[in-house]
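Source file my_file-v1.cif; content: mmCIF, C-alpha atoms.
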```
data_model
#
loop_
_atom_site.label_atom_id
_atom_site.label_comp_id
_atom_site.auth_asym_id
_atom_site.auth_seq_id
_atom_site.Cartn_x
_atom_site.Cartn_y
_atom_site.Cartn_z
CA MET A 1 42.28 -69.85 78.88
CA ALA A 2 45.75 -71.34 78.43
CA THR A 3 47.12 -73.83 80.90
CA GLU A 4 50.73 -74.44 81.74
CA THR A 5 52.34 -77.62 83.02
CA VAL A 6 55.07 -77.23 85.62
CA SER A 7 57.63 -79.94 86.23
CA ILE A 8 58.17 -80.74 89.91
CA PRO A 9 61.14 -82.89 90.96
CA ARG A 10 60.29 -86.22 92.55
CA ASN A 11 60.61 -86.52 96.27
CA GLU A 12 63.04 -89.37 96.85
CA GLN A 13 62.41 -89.56 100.60
CA PRO A 14 60.49 -92.52 102.01
CA PRO A 15 56.80 -91.89 102.80
CA VAL A 16 55.97 -90.59 106.26
CA PRO A 17 53.15 -92.33 108.15
CA ALA A 18 50.10 -90.12 108.70
CA ALA A 19 50.47 -90.46 112.48
CA GLU A 20 53.93 -88.85 112.31
CA LEU A 21 52.63 -86.02 110.11
CA GLY A 22 50.13 -85.08 112.81
CA ARG A 23 52.80 -85.05 115.48
CA ARG A 24 55.10 -82.87 113.43
CA ARG A 25 52.37 -80.33 112.67
CA ARG A 26 51.57 -79.54 116.28
CA GLY A 27 54.51 -77.13 116.23
CA GLY A 28 52.19 -74.79 114.32
CA ARG A 29 54.26 -74.04 111.23
CA GLN A 30 52.52 -71.28 109.36
CA GLU A 31 52.91 -72.97 105.95
CA ASP A 32 51.22 -76.15 107.19
CA GLN A 33 48.26 -74.16 108.47
CA GLN A 34 47.84 -72.39 105.12
CA ALA A 35 48.25 -75.48 102.91
CA ARG A 36 45.41 -76.47 100.59
CA TYR A 37 44.93 -80.11 99.62
CA PHE A 38 43.96 -81.40 96.18
CA LEU A 39 43.37 -84.85 94.77
CA ALA A 40 45.25 -85.74 91.60
CA LYS A 41 43.27 -85.51 88.38
CA ASP A 42 42.85 -88.76 86.44
CA GLY A 43 45.96 -89.30 84.32
CA SER A 44 48.07 -87.08 86.57
CA SER A 45 51.46 -88.25 87.82
CA PRO A 46 54.25 -86.86 90.01
CA GLU A 47 56.12 -86.06 86.78
CA LYS A 48 53.11 -84.14 85.38
CA PRO A 49 50.92 -83.06 88.30
CA GLU A 50 47.38 -81.85 87.62
CA LEU A 51 45.12 -80.69 90.42
CA GLY A 52 41.68 -82.24 90.77
CA ALA A 53 39.06 -81.69 93.47
CA GLU A 54 40.05 -79.74 96.58
CA ALA A 55 39.63 -81.44 99.97
CA ALA A 56 38.56 -79.52 103.07
CA ASN A 57 41.56 -80.64 105.11
CA GLU A 58 44.54 -83.01 105.12
CA GLY A 59 42.63 -85.89 106.74
CA GLU A 60 39.88 -85.79 104.13
CA ALA A 61 42.49 -85.57 101.35
CA LEU A 62 44.32 -88.64 102.67
CA ILE A 63 41.13 -90.70 102.84
CA ARG A 64 39.88 -89.62 99.42
CA ALA A 65 43.32 -90.15 97.81
CA PHE A 66 43.56 -93.62 99.34
CA GLN A 67 40.24 -94.48 97.69
CA THR A 68 41.52 -93.49 94.22
CA LYS A 69 43.51 -95.62 91.82
CA SER A 70 46.62 -93.39 91.94
CA GLY A 71 46.51 -92.59 95.67
CA LEU A 72 48.07 -89.19 94.90
CA LEU A 73 47.28 -85.90 96.60
CA TYR A 74 48.94 -82.53 96.36
CA SER A 75 49.58 -79.99 99.11
CA VAL A 76 49.75 -76.40 97.86
CA VAL A 77 51.06 -73.36 99.71
CA VAL A 78 50.80 -69.97 97.99
CA TYR A 79 53.50 -67.31 98.29
CA LYS A 80 53.90 -63.85 96.79
CA ALA A 81 57.34 -62.64 95.68
CA GLU A 82 58.14 -59.14 96.94
CA ALA A 83 61.18 -56.89 96.98
CA GLU A 84 62.47 -55.75 100.35
CA ILE A 85 65.01 -52.92 100.58
CA GLN A 86 67.73 -53.48 103.18
CA GLY A 87 70.60 -51.05 103.36
CA GLY A 88 69.83 -49.70 99.89
CA SER A 89 69.95 -53.17 98.28
CA PRO A 90 66.80 -54.91 97.11
CA THR A 91 66.31 -58.48 98.29
CA LEU A 92 63.60 -60.77 96.96
CA VAL A 93 61.54 -62.46 99.67
CA LYS A 94 58.52 -64.72 99.66
CA ARG A 95 55.47 -63.85 101.72
CA LEU A 96 52.87 -66.39 102.67
CA VAL A 97 49.46 -65.60 101.13
CA ARG A 98 46.58 -66.25 103.53
CA LYS A 99 43.54 -68.21 102.39
#
```

Is it possible to give me this structure as C-alpha coordinates?
Amino acid sequence: MATETVSIPRNEQPPVPAAELGRRRRGGRQEDQQARYFLAKDGSSPEKPELGAEAANEGEALIRAFQTKSGLLYSVVVYKAEAEIQGGSPTLVKRLVRK
(Lines of atoms letter the chains of each structure in order from A and count residues from 1; the text may use other names and numbers.)
(Lines give C-alpha, C1' and ligand atoms only; values in the text may rest on other atoms or scores of the structure.)
Protein backbone atom coordinates (compact mmCIF):
# COMPACT_ATOMS: atom_id res chain seq x y z
CA MET A 1 0.00 0.00 0.00
CA ALA A 2 1.48 3.34 -1.03
CA THR A 3 1.22 6.35 1.22
CA GLU A 4 1.16 9.96 0.18
CA THR A 5 2.27 13.00 2.16
CA VAL A 6 0.16 16.13 1.81
CA SER A 7 1.54 19.55 2.63
CA ILE A 8 -0.77 21.66 4.79
CA PRO A 9 -0.06 25.38 5.24
CA ARG A 10 0.77 26.48 8.76
CA ASN A 11 -1.90 28.24 10.73
CA GLU A 12 -0.41 31.59 11.69
CA GLN A 13 -3.22 32.51 14.08
CA PRO A 14 -2.56 32.50 17.83
CA PRO A 15 -3.77 29.41 19.72
CA VAL A 16 -7.32 29.49 21.06
CA PRO A 17 -7.84 28.44 24.70
CA ALA A 18 -9.84 25.22 25.07
CA ALA A 19 -12.52 27.05 27.06
CA GLU A 20 -13.22 29.33 24.08
CA LEU A 21 -13.37 26.36 21.70
CA GLY A 22 -16.19 24.87 23.75
CA ARG A 23 -18.13 28.11 23.72
CA ARG A 24 -17.79 28.50 19.98
CA ARG A 25 -18.96 24.94 19.29
CA ARG A 26 -22.29 25.29 21.03
CA GLY A 27 -23.61 26.87 17.83
CA GLY A 28 -23.74 23.32 16.47
CA ARG A 29 -21.71 23.67 13.29
CA GLN A 30 -22.11 20.46 11.36
CA GLU A 31 -18.37 20.17 10.53
CA ASP A 32 -17.43 20.38 14.22
CA GLN A 33 -19.83 17.59 15.08
CA GLN A 34 -18.39 15.33 12.36
CA ALA A 35 -14.70 16.02 13.11
CA ARG A 36 -12.44 13.13 14.06
CA TYR A 37 -9.42 13.73 16.28
CA PHE A 38 -6.00 12.12 15.89
CA LEU A 39 -2.76 12.40 17.82
CA ALA A 40 0.35 13.16 15.80
CA LYS A 41 2.59 10.21 15.01
CA ASP A 42 6.12 10.35 16.44
CA GLY A 43 8.27 12.42 14.09
CA SER A 44 5.25 14.21 12.64
CA SER A 45 5.22 18.00 12.31
CA PRO A 46 2.80 20.65 11.04
CA GLU A 47 4.90 20.76 7.85
CA LYS A 48 4.60 16.97 7.40
CA PRO A 49 1.53 15.76 9.32
CA GLU A 50 1.10 12.05 10.00
CA LEU A 51 -1.93 10.72 11.84
CA GLY A 52 -1.42 8.51 14.86
CA ALA A 53 -4.00 7.07 17.25
CA GLU A 54 -7.58 8.32 17.01
CA ALA A 55 -9.15 9.85 20.13
CA ALA A 56 -12.82 9.35 20.99
CA ASN A 57 -13.52 13.08 21.24
CA GLU A 58 -11.87 16.51 21.30
CA GLY A 59 -11.40 16.56 25.09
CA GLU A 60 -9.60 13.22 25.11
CA ALA A 61 -7.45 14.34 22.16
CA LEU A 62 -6.43 17.53 23.98
CA ILE A 63 -5.44 15.64 27.13
CA ARG A 64 -3.54 12.92 25.28
CA ALA A 65 -1.77 15.45 23.00
CA PHE A 66 -0.75 17.53 26.03
CA GLN A 67 0.88 14.41 27.49
CA THR A 68 3.01 13.85 24.37
CA LYS A 69 6.33 15.47 23.53
CA SER A 70 5.00 17.32 20.46
CA GLY A 71 1.60 18.29 21.89
CA LEU A 72 0.14 18.06 18.37
CA LEU A 73 -3.30 16.79 17.43
CA TYR A 74 -5.15 16.85 14.16
CA SER A 75 -8.84 17.45 13.52
CA VAL A 76 -10.13 15.79 10.34
CA VAL A 77 -13.41 16.45 8.55
CA VAL A 78 -14.23 14.33 5.50
CA TYR A 79 -15.99 15.73 2.44
CA LYS A 80 -16.99 14.23 -0.90
CA ALA A 81 -16.70 16.29 -4.09
CA GLU A 82 -19.84 16.13 -6.23
CA ALA A 83 -21.12 17.88 -9.33
CA GLU A 84 -24.38 19.79 -9.03
CA ILE A 85 -26.20 20.98 -12.16
CA GLN A 86 -27.70 24.46 -11.86
CA GLY A 87 -29.22 26.06 -14.92
CA GLY A 88 -27.42 23.62 -17.22
CA SER A 89 -23.98 24.43 -15.76
CA PRO A 90 -22.16 21.97 -13.54
CA THR A 91 -20.85 23.33 -10.25
CA LEU A 92 -18.52 21.39 -7.96
CA VAL A 93 -19.66 21.27 -4.34
CA LYS A 94 -18.40 19.54 -1.24
CA ARG A 95 -20.72 17.38 0.83
CA LEU A 96 -19.99 16.46 4.40
CA VAL A 97 -19.49 12.70 4.85
CA ARG A 98 -21.10 11.38 8.03
CA LYS A 99 -19.15 9.10 10.36

Pull out every residue that the PyMOL selection byres ((chain A and resi 55-62) around 10) matches in the shown coordinates and put them as a PyMOL selection string.
chain A and resi 18+21-22+32-33+35-39+52-54+63-67+71-75

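The shortest atom-to-atom distance to Val97 of chain A, with all atoms listed in the file taken into account, belongs to A:Val77 out of A:Gly43, A:Thr68, A:Glu50, A:Val77.
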
For the atom pair atom CA of Val76 of chain A and atom CA of Thr91 of chain A, what is the interatomic distance in Å to one decimal place?
24.4 Å

Close residues, Leu92 of chain A itself excluded, 7 Å, all atoms listed in the file, min 3 positions apart in chain, as a list in words:
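With the cut-off at 7 Å, the set is Ala81, Glu82, Ala83 and Glu84 of chain A.
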
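Here atom CA of Arg98 of chain A stands at a distance of 7.9 Å from atom CA of Val78 of chain A.
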
For atom CA of Ala40 of chain A and atom CA of Ser70 of chain A, determine how far apart the two atoms are, in Å to one decimal place.
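Interatomic distance here is 7.8 Å.
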
Convert the output of the PyMOL selection byres ((chain A and resi 80) around 6) on the shown file into explicit residues, formatted as a count of residues only.
4
